[in-house]
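Structure file entry08.cif (mmCIF, C-alpha atoms and all ligand atoms) follows.
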```cif
data_my_file
loop_
_atom_site.label_atom_id
_atom_site.label_comp_id
_atom_site.auth_asym_id
_atom_site.auth_seq_id
_atom_site.Cartn_x
_atom_site.Cartn_y
_atom_site.Cartn_z
CA MET A 1 -113.59 -82.27 131.72
CA SER A 2 -116.80 -80.79 130.40
CA SER A 3 -118.02 -80.03 133.91
CA ALA A 4 -115.06 -77.72 134.60
CA PRO A 5 -116.18 -74.15 133.90
CA GLU A 6 -112.80 -73.03 132.67
CA ILE A 7 -112.39 -74.10 129.06
CA ILE A 8 -111.40 -71.48 126.50
CA ASP A 9 -112.54 -72.23 122.96
CA PHE A 10 -109.91 -70.50 120.83
CA HIS A 11 -111.68 -70.88 117.47
CA CYS A 12 -115.29 -69.78 116.93
CA HIS A 13 -117.23 -67.61 114.51
CA ILE A 14 -120.50 -65.76 114.82
CA ALA A 15 -123.16 -67.97 113.23
CA SER A 16 -124.53 -65.42 110.80
CA GLU A 17 -124.69 -65.21 107.04
CA MET A 18 -123.33 -61.66 107.28
CA CYS A 19 -119.90 -63.12 108.15
CA PHE A 20 -119.68 -65.52 105.18
CA PRO A 21 -120.24 -64.22 101.63
CA ARG A 22 -122.67 -66.19 99.52
CA SER A 23 -119.99 -67.45 97.15
CA PHE A 24 -118.01 -68.78 100.13
CA GLN A 25 -121.03 -70.71 101.42
CA SER A 26 -121.89 -71.90 97.94
CA GLY A 27 -118.45 -73.51 97.62
CA VAL A 28 -118.86 -75.28 100.96
CA VAL A 29 -122.27 -76.52 99.85
CA ASP A 30 -120.80 -77.85 96.57
CA ASN A 31 -118.53 -80.18 98.54
CA MET A 32 -121.41 -81.40 100.73
CA THR A 33 -123.63 -81.96 97.70
CA VAL A 34 -120.99 -84.10 95.97
CA ALA A 35 -120.63 -86.24 99.12
CA LEU A 36 -124.39 -86.71 99.60
CA ALA A 37 -125.13 -87.35 95.93
CA SER A 38 -122.46 -90.06 95.88
CA GLN A 39 -124.57 -91.99 98.39
CA GLY A 40 -127.43 -92.04 95.94
CA LEU A 41 -129.51 -89.58 97.91
CA PRO A 42 -132.12 -87.35 96.26
CA VAL A 43 -130.08 -84.20 96.69
CA THR A 44 -130.29 -80.77 95.15
CA LYS A 45 -127.79 -78.05 95.87
CA GLU A 46 -130.61 -75.74 96.98
CA LYS A 47 -131.67 -78.17 99.68
CA VAL A 48 -128.15 -78.69 100.98
CA ALA A 49 -127.73 -74.92 100.98
CA LYS A 50 -130.87 -74.54 103.08
CA MET A 51 -129.61 -77.08 105.59
CA HIS A 52 -126.24 -75.34 105.74
CA ALA A 53 -127.89 -71.95 106.18
CA GLY A 54 -129.76 -73.43 109.15
CA THR A 55 -126.47 -73.62 111.03
CA LEU A 56 -125.83 -69.90 110.53
CA ARG A 57 -128.68 -68.55 112.62
CA ASP A 58 -127.39 -67.27 115.92
CA PRO A 59 -126.24 -63.76 115.02
CA LEU A 60 -126.12 -62.47 118.61
CA CYS A 61 -124.53 -65.65 120.03
CA ASP A 62 -127.34 -66.26 122.54
CA GLU A 63 -127.48 -69.95 121.60
CA LEU A 64 -123.69 -70.23 121.62
CA VAL A 65 -123.54 -68.84 125.17
CA LYS A 66 -126.16 -71.39 126.27
CA GLN A 67 -124.10 -74.17 124.75
CA MET A 68 -120.86 -72.80 126.27
CA ASP A 69 -122.46 -72.91 129.73
CA GLU A 70 -123.57 -76.48 129.16
CA ALA A 71 -120.10 -77.51 127.93
CA GLY A 72 -118.07 -75.78 130.66
CA ILE A 73 -116.64 -73.24 128.24
CA LYS A 74 -115.81 -70.04 130.09
CA GLU A 75 -114.81 -67.93 127.10
CA SER A 76 -114.83 -68.27 123.33
CA VAL A 77 -112.59 -66.46 120.89
CA LEU A 78 -114.59 -65.10 117.95
CA LEU A 79 -112.57 -64.95 114.75
CA VAL A 80 -113.37 -62.38 112.07
CA PRO A 81 -111.91 -63.38 108.72
CA ASP A 82 -112.12 -60.55 106.19
CA PHE A 83 -113.49 -62.11 102.99
CA THR A 84 -114.75 -58.79 101.70
CA TYR A 85 -111.69 -57.90 99.61
CA ALA A 86 -111.43 -61.28 97.85
CA LEU A 87 -115.14 -62.07 97.49
CA LYS A 88 -117.15 -59.19 96.14
CA ASP A 89 -120.57 -60.60 97.02
CA SER A 90 -120.25 -59.85 100.73
CA THR A 91 -123.48 -58.39 102.07
CA HIS A 92 -121.68 -56.22 104.66
CA THR A 93 -118.45 -54.26 104.76
CA ILE A 94 -115.69 -55.44 107.06
CA ALA A 95 -116.26 -52.32 109.19
CA GLU A 96 -119.92 -53.32 109.67
CA ILE A 97 -118.94 -56.89 110.52
CA ILE A 98 -116.42 -55.64 113.10
CA ASP A 99 -119.08 -53.39 114.65
CA HIS A 100 -121.43 -56.35 114.91
CA HIS A 101 -118.77 -58.27 116.84
CA LYS A 102 -118.51 -55.36 119.27
CA GLU A 103 -122.26 -55.56 119.83
CA VAL A 104 -122.00 -59.28 120.61
CA VAL A 105 -119.09 -58.76 123.02
CA ASP A 106 -121.06 -56.07 124.88
CA ARG A 107 -124.16 -58.24 124.97
CA HIS A 108 -122.38 -61.09 126.77
CA PRO A 109 -119.82 -59.47 129.08
CA GLY A 110 -116.79 -61.61 129.83
CA ARG A 111 -117.71 -64.43 127.46
CA PHE A 112 -116.06 -63.44 124.19
CA ARG A 113 -112.70 -62.34 122.85
CA VAL A 114 -112.30 -61.18 119.26
CA LEU A 115 -109.42 -61.68 116.83
CA VAL A 116 -110.12 -59.25 114.06
CA GLY A 117 -109.20 -59.63 110.41
CA VAL A 118 -108.57 -56.96 107.82
CA ASP A 119 -107.36 -57.90 104.35
CA PRO A 120 -103.90 -56.30 104.07
CA ARG A 121 -104.69 -55.10 100.54
CA TRP A 122 -107.14 -52.49 101.85
CA GLY A 123 -104.14 -50.22 102.42
CA LYS A 124 -104.02 -47.42 105.00
CA ASP A 125 -107.79 -47.54 105.63
CA GLY A 126 -107.46 -51.16 106.67
CA ILE A 127 -104.68 -50.43 109.14
CA ALA A 128 -106.74 -47.62 110.68
CA LEU A 129 -109.75 -49.91 110.97
CA PHE A 130 -107.66 -52.61 112.64
CA GLU A 131 -106.14 -50.14 115.08
CA LYS A 132 -109.58 -48.81 115.98
CA ALA A 133 -110.80 -52.35 116.72
CA ILE A 134 -107.78 -52.99 118.94
CA VAL A 135 -107.51 -49.66 120.75
CA ASP A 136 -111.14 -48.46 120.89
CA TYR A 137 -113.02 -51.78 120.95
CA ARG A 138 -110.30 -53.56 122.94
CA PHE A 139 -110.34 -56.58 120.64
CA ASP A 140 -107.74 -59.22 121.37
CA GLY A 141 -105.59 -59.83 118.30
CA MET A 142 -105.55 -60.51 114.57
CA LYS A 143 -107.21 -63.13 112.38
CA LEU A 144 -105.76 -63.84 108.93
CA TYR A 145 -107.13 -65.80 106.00
CA PRO A 146 -104.37 -66.47 103.42
CA PRO A 147 -106.71 -68.39 101.03
CA CYS A 148 -108.09 -64.93 100.19
CA GLY A 149 -104.83 -64.39 98.30
CA TYR A 150 -101.88 -63.34 100.48
CA LYS A 151 -99.02 -65.05 102.27
CA LEU A 152 -98.47 -64.77 106.01
CA SER A 153 -95.06 -63.17 105.48
CA ASP A 154 -96.29 -60.64 102.93
CA ASP A 155 -94.77 -57.18 103.48
CA LEU A 156 -98.28 -55.70 103.50
CA LEU A 157 -98.91 -57.47 106.82
CA TYR A 158 -95.91 -56.03 108.61
CA PRO A 159 -97.64 -52.82 109.78
CA TYR A 160 -100.30 -55.06 111.38
CA TYR A 161 -97.66 -57.21 113.04
CA GLU A 162 -96.04 -54.02 114.37
CA ILE A 163 -99.32 -53.14 116.07
CA CYS A 164 -99.64 -56.67 117.48
CA ALA A 165 -96.05 -56.47 118.78
CA GLN A 166 -96.73 -53.08 120.34
CA TYR A 167 -99.77 -54.27 122.33
CA GLY A 168 -98.84 -57.93 122.94
CA LEU A 169 -101.50 -59.46 120.71
CA PRO A 170 -101.62 -62.92 119.08
CA VAL A 171 -102.17 -63.52 115.34
CA LEU A 172 -104.26 -66.53 114.33
CA SER A 173 -104.27 -67.71 110.73
CA HIS A 174 -106.35 -70.17 108.82
CA ILE A 175 -104.11 -72.91 107.39
CA GLY A 176 -104.84 -75.16 104.42
CA ALA A 177 -107.89 -75.78 102.27
CA THR A 178 -111.28 -74.14 102.75
CA SER A 179 -114.23 -73.18 100.55
CA PRO A 180 -113.26 -74.06 96.96
CA VAL A 181 -113.86 -70.49 95.78
CA LEU A 182 -110.59 -69.52 97.47
CA ASP A 183 -106.91 -70.50 96.93
CA PHE A 184 -105.36 -73.39 98.83
CA GLU A 185 -101.70 -73.44 97.81
CA ILE A 186 -100.97 -70.04 99.33
CA ALA A 187 -102.26 -71.13 102.76
CA GLN A 188 -99.32 -73.37 103.76
CA PRO A 189 -98.00 -73.15 107.29
CA ILE A 190 -94.35 -72.62 106.28
CA PHE A 191 -95.22 -69.14 104.98
CA VAL A 192 -95.59 -67.99 108.60
CA ASP A 193 -91.92 -68.60 109.24
CA LYS A 194 -90.39 -65.33 108.08
CA ALA A 195 -92.99 -63.30 109.97
CA ALA A 196 -92.58 -65.38 113.12
CA LYS A 197 -88.79 -64.91 112.94
CA ASP A 198 -89.09 -61.16 112.32
CA PHE A 199 -91.62 -60.71 115.15
CA PRO A 200 -90.43 -62.92 118.01
CA GLY A 201 -92.70 -61.01 120.39
CA VAL A 202 -95.87 -61.90 118.49
CA ASP A 203 -97.50 -65.31 118.99
CA PHE A 204 -98.73 -66.93 115.77
CA VAL A 205 -101.44 -69.60 115.92
CA LEU A 206 -101.86 -71.99 112.98
CA ALA A 207 -105.55 -72.92 112.88
CA HIS A 208 -106.54 -76.51 112.11
CA GLY A 209 -102.95 -77.59 112.78
CA SER A 210 -103.96 -81.11 113.78
CA VAL A 211 -105.80 -81.57 110.50
CA HIS A 212 -104.00 -79.61 107.78
CA TYR A 213 -100.24 -80.12 107.33
CA PRO A 214 -99.94 -81.60 110.86
CA ASP A 215 -96.26 -82.54 110.43
CA GLU A 216 -95.22 -79.09 109.23
CA CYS A 217 -97.29 -77.40 111.94
CA ALA A 218 -95.73 -79.55 114.67
CA MET A 219 -92.26 -78.89 113.27
CA LEU A 220 -92.85 -75.15 113.40
CA CYS A 221 -94.23 -75.38 116.97
CA ASN A 222 -91.19 -77.36 118.03
CA ASN A 223 -88.68 -74.93 116.62
CA ARG A 224 -90.16 -71.44 116.82
CA PRO A 225 -90.98 -70.37 120.38
CA ASN A 226 -93.82 -68.13 119.15
CA ILE A 227 -95.72 -70.57 116.91
CA TYR A 228 -98.82 -72.44 118.17
CA VAL A 229 -101.62 -74.59 116.70
CA ASP A 230 -105.33 -74.89 117.34
CA VAL A 231 -107.02 -78.25 116.86
CA SER A 232 -110.33 -77.16 115.30
CA GLY A 233 -111.45 -79.55 112.59
CA TYR A 234 -110.83 -82.64 114.72
CA GLU A 235 -114.60 -83.09 114.64
CA ALA A 236 -114.42 -84.18 111.00
CA ALA A 237 -110.87 -85.51 110.82
CA GLY A 238 -111.18 -87.82 113.83
CA THR A 239 -109.41 -87.81 117.16
CA ALA A 240 -106.58 -90.20 116.19
CA ALA A 241 -104.61 -87.30 114.72
CA LEU A 242 -105.01 -85.43 118.00
CA ASN A 243 -103.67 -88.38 119.94
CA THR A 244 -100.57 -88.27 117.75
CA LEU A 245 -100.25 -84.50 118.14
CA PHE A 246 -100.35 -84.75 121.96
CA ARG A 247 -97.36 -87.13 121.86
CA ARG A 248 -95.10 -84.74 119.94
CA GLY A 249 -93.80 -82.85 122.96
CA ILE A 250 -95.59 -79.60 122.16
CA ASN A 251 -98.47 -79.63 124.63
CA HIS A 252 -97.53 -76.10 125.66
CA LYS A 253 -98.36 -75.05 122.07
CA ILE A 254 -101.74 -76.70 121.42
CA LEU A 255 -105.03 -74.80 121.82
CA PHE A 256 -108.54 -76.20 122.07
CA GLY A 257 -110.98 -74.89 119.44
CA THR A 258 -114.29 -76.07 117.97
CA ASP A 259 -114.83 -73.84 114.91
CA TRP A 260 -118.45 -73.15 115.93
CA PRO A 261 -120.80 -73.12 113.97
CA VAL A 262 -119.07 -75.28 111.34
CA PHE A 263 -119.82 -78.56 113.15
CA ARG A 264 -123.21 -77.62 114.51
CA LEU A 265 -124.94 -80.47 112.71
CA GLN A 266 -122.58 -82.83 114.47
CA GLY A 267 -123.77 -81.93 117.94
CA ARG A 268 -123.78 -79.35 120.69
CA GLN A 269 -120.58 -77.84 122.07
CA ILE A 270 -120.71 -80.29 124.98
CA ASP A 271 -120.79 -83.22 122.54
CA LEU A 272 -117.71 -81.86 120.77
CA VAL A 273 -115.86 -81.49 124.11
CA GLU A 274 -116.87 -84.93 125.35
CA LYS A 275 -115.97 -86.53 122.02
CA LEU A 276 -112.29 -85.88 122.84
CA THR A 277 -112.25 -88.15 125.88
CA LYS A 278 -114.74 -90.66 124.48
CA GLU A 279 -112.83 -91.20 121.27
CA GLY A 280 -109.39 -91.40 122.79
CA ALA A 281 -107.86 -88.06 121.84
CA PHE A 282 -105.74 -87.97 125.00
CA PRO A 283 -102.84 -90.43 125.22
CA GLU A 284 -102.27 -92.08 128.59
CA THR A 285 -98.95 -90.30 128.87
CA MET A 286 -100.72 -86.93 128.87
CA SER A 287 -100.79 -85.42 132.37
CA ASP A 288 -103.63 -83.42 133.91
CA ALA A 289 -101.33 -80.41 133.73
CA ASP A 290 -100.99 -80.92 129.97
CA ARG A 291 -104.77 -81.13 129.61
CA ALA A 292 -105.13 -77.88 131.52
CA LEU A 293 -102.65 -76.27 129.12
CA PHE A 294 -104.68 -77.52 126.18
CA PHE A 295 -108.12 -76.56 127.48
CA HIS A 296 -107.31 -73.12 128.87
CA LYS A 297 -103.85 -72.28 130.19
CA ASN A 298 -102.14 -71.90 126.81
CA ALA A 299 -104.98 -69.63 125.71
CA GLU A 300 -104.81 -67.62 128.91
CA ARG A 301 -101.08 -67.11 128.41
CA LEU A 302 -101.51 -65.87 124.84
CA LEU A 303 -104.44 -63.59 125.62
CA GLY A 304 -102.87 -62.38 128.86
CA LYS A 305 -100.02 -60.49 127.19
CA ASN A 306 -102.36 -57.74 125.95
CA THR A 307 -101.01 -54.49 127.39
CA LEU A 308 -104.32 -52.70 126.75
CA LYS A 309 -106.19 -55.04 129.09
CA SER A 310 -105.58 -56.37 132.56
CA PRO A 311 -104.70 -60.08 132.48
CA PRO A 312 -107.68 -62.49 132.58
CA ALA A 313 -108.78 -63.31 136.12
CA ALA A 314 -108.19 -67.03 135.59
CA ALA A 315 -104.50 -66.45 134.93
CA ASP A 316 -104.18 -65.05 138.48
CA ARG A 317 -105.81 -68.10 139.99
CA GLY A 318 -103.00 -70.11 138.44
CA MET B 1 -147.73 -83.42 101.19
CA ASN B 2 -147.88 -86.04 103.97
CA LYS B 3 -148.20 -89.56 102.59
CA GLY B 4 -150.02 -90.76 105.72
CA PRO B 5 -149.12 -91.87 109.23
CA VAL B 6 -145.63 -93.17 109.70
CA THR B 7 -144.69 -95.30 112.68
CA ASP B 8 -141.85 -94.65 115.11
CA GLU B 9 -140.34 -97.93 113.96
CA ALA B 10 -140.35 -96.77 110.35
CA ILE B 11 -138.54 -93.57 111.29
CA CYS B 12 -136.01 -95.57 113.33
CA ARG B 13 -135.48 -97.84 110.33
CA ILE B 14 -134.84 -94.87 108.07
CA ILE B 15 -132.29 -93.49 110.52
CA GLY B 16 -130.70 -96.94 110.78
CA SER B 17 -130.32 -97.07 107.02
CA VAL B 18 -128.05 -94.03 106.75
CA ILE B 19 -125.80 -94.35 109.83
CA PRO B 20 -122.55 -96.34 110.14
CA LYS B 21 -123.18 -100.10 110.13
CA ALA B 22 -121.57 -100.70 113.52
CA ALA B 23 -123.85 -98.16 115.22
CA ALA B 24 -126.98 -99.51 113.54
CA GLN B 25 -126.26 -103.13 114.44
CA GLY B 26 -128.25 -103.32 117.68
CA GLY B 27 -131.18 -101.48 116.11
CA VAL B 28 -132.20 -97.85 116.49
CA THR B 29 -134.65 -96.88 119.27
CA PRO B 30 -136.31 -93.53 120.07
CA GLU B 31 -134.38 -92.87 123.30
CA MET B 32 -131.00 -93.13 121.58
CA ASP B 33 -128.75 -90.08 121.34
CA LEU B 34 -127.96 -89.16 117.75
CA ARG B 35 -124.29 -88.42 118.40
CA ALA B 36 -123.27 -90.37 121.51
CA ASP B 37 -125.12 -93.59 120.63
CA LEU B 38 -125.27 -93.50 116.85
CA GLY B 39 -122.19 -91.47 115.90
CA ILE B 40 -124.14 -89.26 113.53
CA ASP B 41 -122.05 -86.52 111.87
CA SER B 42 -123.07 -83.53 109.75
CA LEU B 43 -123.48 -85.45 106.51
CA ALA B 44 -125.36 -88.31 108.19
CA LEU B 45 -127.84 -85.84 109.68
CA MET B 46 -128.38 -84.32 106.26
CA SER B 47 -128.82 -87.80 104.80
CA ILE B 48 -131.54 -88.50 107.37
CA VAL B 49 -133.35 -85.33 106.38
CA PHE B 50 -133.13 -86.16 102.66
CA VAL B 51 -134.39 -89.72 103.13
CA LEU B 52 -137.23 -88.62 105.42
CA GLU B 53 -138.33 -86.13 102.84
CA GLU B 54 -138.33 -88.66 100.08
CA GLN B 55 -139.78 -91.65 101.92
CA VAL B 56 -142.14 -89.99 104.41
CA GLY B 57 -143.11 -87.08 102.19
CA ILE B 58 -142.67 -84.38 104.80
CA ASP B 59 -141.33 -80.98 103.86
CA ALA B 60 -138.24 -81.52 105.98
CA PHE B 61 -136.51 -78.46 104.66
CA SER B 62 -139.02 -76.10 106.22
CA LYS B 63 -137.88 -77.56 109.57
CA VAL B 64 -134.17 -77.11 109.12
CA GLU B 65 -133.64 -75.29 112.40
CA GLN B 66 -135.40 -78.03 114.34
CA PHE B 67 -133.20 -80.64 112.74
CA VAL B 68 -130.09 -78.60 113.60
CA GLY B 69 -131.17 -78.74 117.25
CA ALA B 70 -132.22 -82.42 117.30
CA GLU B 71 -130.42 -84.41 120.02
CA ALA B 72 -132.14 -87.80 120.15
CA VAL B 73 -133.95 -90.11 117.76
CA SER B 74 -137.16 -89.08 119.56
CA ASP B 75 -136.56 -85.46 118.52
CA ILE B 76 -136.51 -86.53 114.88
CA ILE B 77 -139.73 -88.46 115.45
CA ASP B 78 -141.32 -85.35 117.00
CA ILE B 79 -140.31 -83.21 114.03
CA VAL B 80 -141.83 -85.70 111.61
CA ARG B 81 -145.03 -85.92 113.71
CA GLN B 82 -145.44 -82.13 113.65
CA SER B 83 -145.24 -82.10 109.86
ZN ZN A 401 -112.86 -71.22 111.46
#
```

Could you rewrite the structure in this file as structure tokens?
Ligand SMILES: [Zn+2]
Amino acid sequence: MSSAPEIIDFHCHIASEMCFPRSFQSGVVDNMTVALASQGLPVTKEKVAKMHAGTLRDPLCDELVKQMDEAGIKESVLLVPDFTYALKDSTHTIAEIIDHHKEVVDRHPGRFRVLVGVDPRWGKDGIALFEKAIVDYRFDGMKLYPPCGYKLSDDLLYPYYEICAQYGLPVLSHIGATSPVLDFEIAQPIFVDKAAKDFPGVDFVLAHGSVHYPDECAMLCNNRPNIYVDVSGYEAAGTAALNTLFRRGINHKILFGTDWPVFRLQGRQIDLVEKLTKEGAFPETMSDADRALFFHKNAERLLGKNTLKSPPAAADRG
Amino acid sequence: MNKGPVTDEAICRIIGSVIPKAAAQGGVTPEMDLRADLGIDSLALMSIVFVLEEQVGIDAFSKVEQFVGAEAVSDIIDIVRQS
């Protein structure tokens, strides 16, 4: 599968410290340090932090594009979570981070889509910023991060969902636990339900749906036509959960995603793609057509509804 | 900082000591792929770096980016040699 130049990676981030506040990274490093120290290794948090920071050095995505080519990934969707409202040690404003994503998109024509996040508590300024990113920058949808302190069906998000409905844009949300400096309980998949019911024309993607709350995510995919999951996180959680997910009758709802650069120490993008086949992620009952849905066609369908853009060329090829 | 020459075999042994038992069973050799052959994940790679630093005495953490890009056991050996 890795030789086919048509994969869409629906879950990536720009590998740059500007996108992840220091406190966010510090929480991630705390978890790694606990795990390494438990093995009796001579670990200090500073050293783990240095290693972690080493994965966040590809601010213009030149290395990512190289690895996409090698892995047969045609396009990657860059997600922009807005941590800047919840975590006050961000080095850049969300407006600056959004502008940086525009620079990366322009640098690598045709290789990146962007789902842009704005914390709904920024008020009218936030809505204007989001609309600018969609209309002027032609970004592709919305990224939400409930662990920052809001629920997916919060009234504050409805103006954003109106914009997504107007232009045919998907909304992707982080689901479940994350850096321990943020809240976990508020990031449960069921909180998407009211929004998904109120906006039947907007597609909602639950990120990490094969790893976090997989039963709830699959239930929502089965019963709401506009709810999807991405599988990012399988790299750590193992491919057995994916094999189960692919047997739940929702292969038209499952999107491939790697979460670059989170698993960079685990291998190149091609390793992460090949791991799926090697480690038995695909059940024998899964058809080639289902694999095509998973690797690109579901993504093409979601991204192809954007009324501000012509549909992606690959969708025409069928 | 370097405690003296370290053999390829010694580096392979260090790598073998931190990876899953099943993968290490046949022994670790320089041409092996860190992920495909040895199943090394993020924490295992960090473990290798920590143990190399302690046992070989290299300043592994000034080479973080090289370790991030390491593909094979031989790449790890090269990084240690350059230290
Ligand atoms: Zn992510």

Report the centre and edge lengths, in Å to one decimal, of an axis-aligned box enclosing every atom of range 18-26 of chain B listed in the file, padded by 6 Å on each side, as AutoDock Vina command-line options.
```
--center_x -124.9 --center_y -98.7 --center_z 112.2 --size_x 18.7 --size_y 21.3 --size_z 22.9
```

Find the residues of chain A that sit at most 10 Å from ligand ZN 401 (chain A); for each, write down the nearest two atoms and how far apart they are in Å, to one decimal. Count only C-alpha atoms and all ligand atoms. Sort by chain, then by number going up, and give it as a tab-separated table.
```
residue	atom	partner	partner_atom	distance
A:Phe10	CA	A:ZN401	ZN	9.8
A:His11	CA	A:ZN401	ZN	6.1
A:Cys12	CA	A:ZN401	ZN	6.2
A:His13	CA	A:ZN401	ZN	6.4
A:Ile14	CA	A:ZN401	ZN	10.0
A:Leu78	CA	A:ZN401	ZN	9.1
A:Leu79	CA	A:ZN401	ZN	7.1
A:Val80	CA	A:ZN401	ZN	8.9
A:Pro81	CA	A:ZN401	ZN	8.4
A:Lys143	CA	A:ZN401	ZN	9.9
A:Tyr145	CA	A:ZN401	ZN	9.6
A:Ser173	CA	A:ZN401	ZN	9.3
A:His174	CA	A:ZN401	ZN	7.1
A:Ile175	CA	A:ZN401	ZN	9.8
A:Thr178	CA	A:ZN401	ZN	9.3
A:Ala207	CA	A:ZN401	ZN	7.6
A:His208	CA	A:ZN401	ZN	8.3
A:Ser232	CA	A:ZN401	ZN	7.5
A:Gly233	CA	A:ZN401	ZN	8.5
A:Gly257	CA	A:ZN401	ZN	9.0
A:Thr258	CA	A:ZN401	ZN	8.2
A:Asp259	CA	A:ZN401	ZN	4.8
A:Trp260	CA	A:ZN401	ZN	7.4
A:Pro261	CA	A:ZN401	ZN	8.5
A:Val262	CA	A:ZN401	ZN	7.4
```

TODO: Considering all atoms listed in the file, extract the chain B residues located within 12 Å of chain A and return them as number ranges by chain.
DONE: B: 17-19, 33-55, 59-72

Task: d(CA of Leu293 in chain A, CA of Ile7 in chain A) in Å - done: 10.0 Å

When you look at Val28 in chain B with a cut-off of 9 Å (counting all atoms listed in the file), what residues show up, excluding the ones that are within fewer than 4 positions of it in the same chain? I need them as a compact mmCIF listing (two decimals) with C-alpha atoms, in the coordinates of the input.
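The result, stored in around.txt:
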```txt
# COMPACT_ATOMS: atom_id res chain seq x y z
CA GLU B 9 -140.34 -97.93 113.96
CA CYS B 12 -136.01 -95.57 113.33
CA ARG B 13 -135.48 -97.84 110.33
CA ILE B 15 -132.29 -93.49 110.52
CA GLY B 16 -130.70 -96.94 110.78
CA ALA B 23 -123.85 -98.16 115.22
CA ALA B 24 -126.98 -99.51 113.54
CA MET B 32 -131.00 -93.13 121.58
CA LEU B 38 -125.27 -93.50 116.85
CA VAL B 73 -133.95 -90.11 117.76
```

Taking 3 positions as the minimum chain separation for residues in the same chain, which residues sit within 9 Å of range 98-109 of chain A when counting only C-alpha atoms? Answer as a PDB file with C-alpha atoms, keeping the file's coordinate frame.
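Just written: selection34.pdb:
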```pdb
ATOM      1  CA  ILE A  14    -120.500 -65.760 114.820  1.00  0.00           C
ATOM      2  CA  PRO A  59    -126.240 -63.760 115.020  1.00  0.00           C
ATOM      3  CA  LEU A  60    -126.120 -62.470 118.610  1.00  0.00           C
ATOM      4  CA  CYS A  61    -124.530 -65.650 120.030  1.00  0.00           C
ATOM      5  CA  ASP A  62    -127.340 -66.260 122.540  1.00  0.00           C
ATOM      6  CA  VAL A  65    -123.540 -68.840 125.170  1.00  0.00           C
ATOM      7  CA  LEU A  78    -114.590 -65.100 117.950  1.00  0.00           C
ATOM      8  CA  VAL A  80    -113.370 -62.380 112.070  1.00  0.00           C
ATOM      9  CA  THR A  93    -118.450 -54.260 104.760  1.00  0.00           C
ATOM     10  CA  ILE A  94    -115.690 -55.440 107.060  1.00  0.00           C
ATOM     11  CA  ALA A  95    -116.260 -52.320 109.190  1.00  0.00           C
ATOM     12  CA  PHE A 112    -116.060 -63.440 124.190  1.00  0.00           C
ATOM     13  CA  ARG A 113    -112.700 -62.340 122.850  1.00  0.00           C
ATOM     14  CA  VAL A 114    -112.300 -61.180 119.260  1.00  0.00           C
ATOM     15  CA  VAL A 116    -110.120 -59.250 114.060  1.00  0.00           C
ATOM     16  CA  GLY A 117    -109.200 -59.630 110.410  1.00  0.00           C
ATOM     17  CA  ALA A 133    -110.800 -52.350 116.720  1.00  0.00           C
ATOM     18  CA  TYR A 137    -113.020 -51.780 120.950  1.00  0.00           C
ATOM     19  CA  PHE A 139    -110.340 -56.580 120.640  1.00  0.00           C
TER      20      PHE A 139
END
```

Open item on the list: When you look at Ile227 in chain A with a cut-off of 7 Å (counting only C-alpha atoms), what residues show up, excluding the ones that are within fewer than 4 positions of it in the same chain? I need them as a ChimeraX atom specification.
Closed with: /A:203-205,220-221

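Residue nearest Ile127 in chain A within the list A:Glu185, A:Ser38, A:Cys164, A:Ser153: A:Cys164 [criterion: smallest interatomic distance, all atoms listed in the file].
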
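We find CA of Phe184 in chain A and CA of Phe256 in chain A to be spaced 23.6 Å apart.
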
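Of the residues listed (A:Glu279, A:Gly123, A:Lys305, A:Asn223), A:Lys305 shows the shortest atom-to-atom separation from Gly168 in chain A; distances use only C-alpha atoms.
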
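Coordinates place CA of Glu70 in chain A at a distance of 25.2 Å from CA of Cys19 in chain A.
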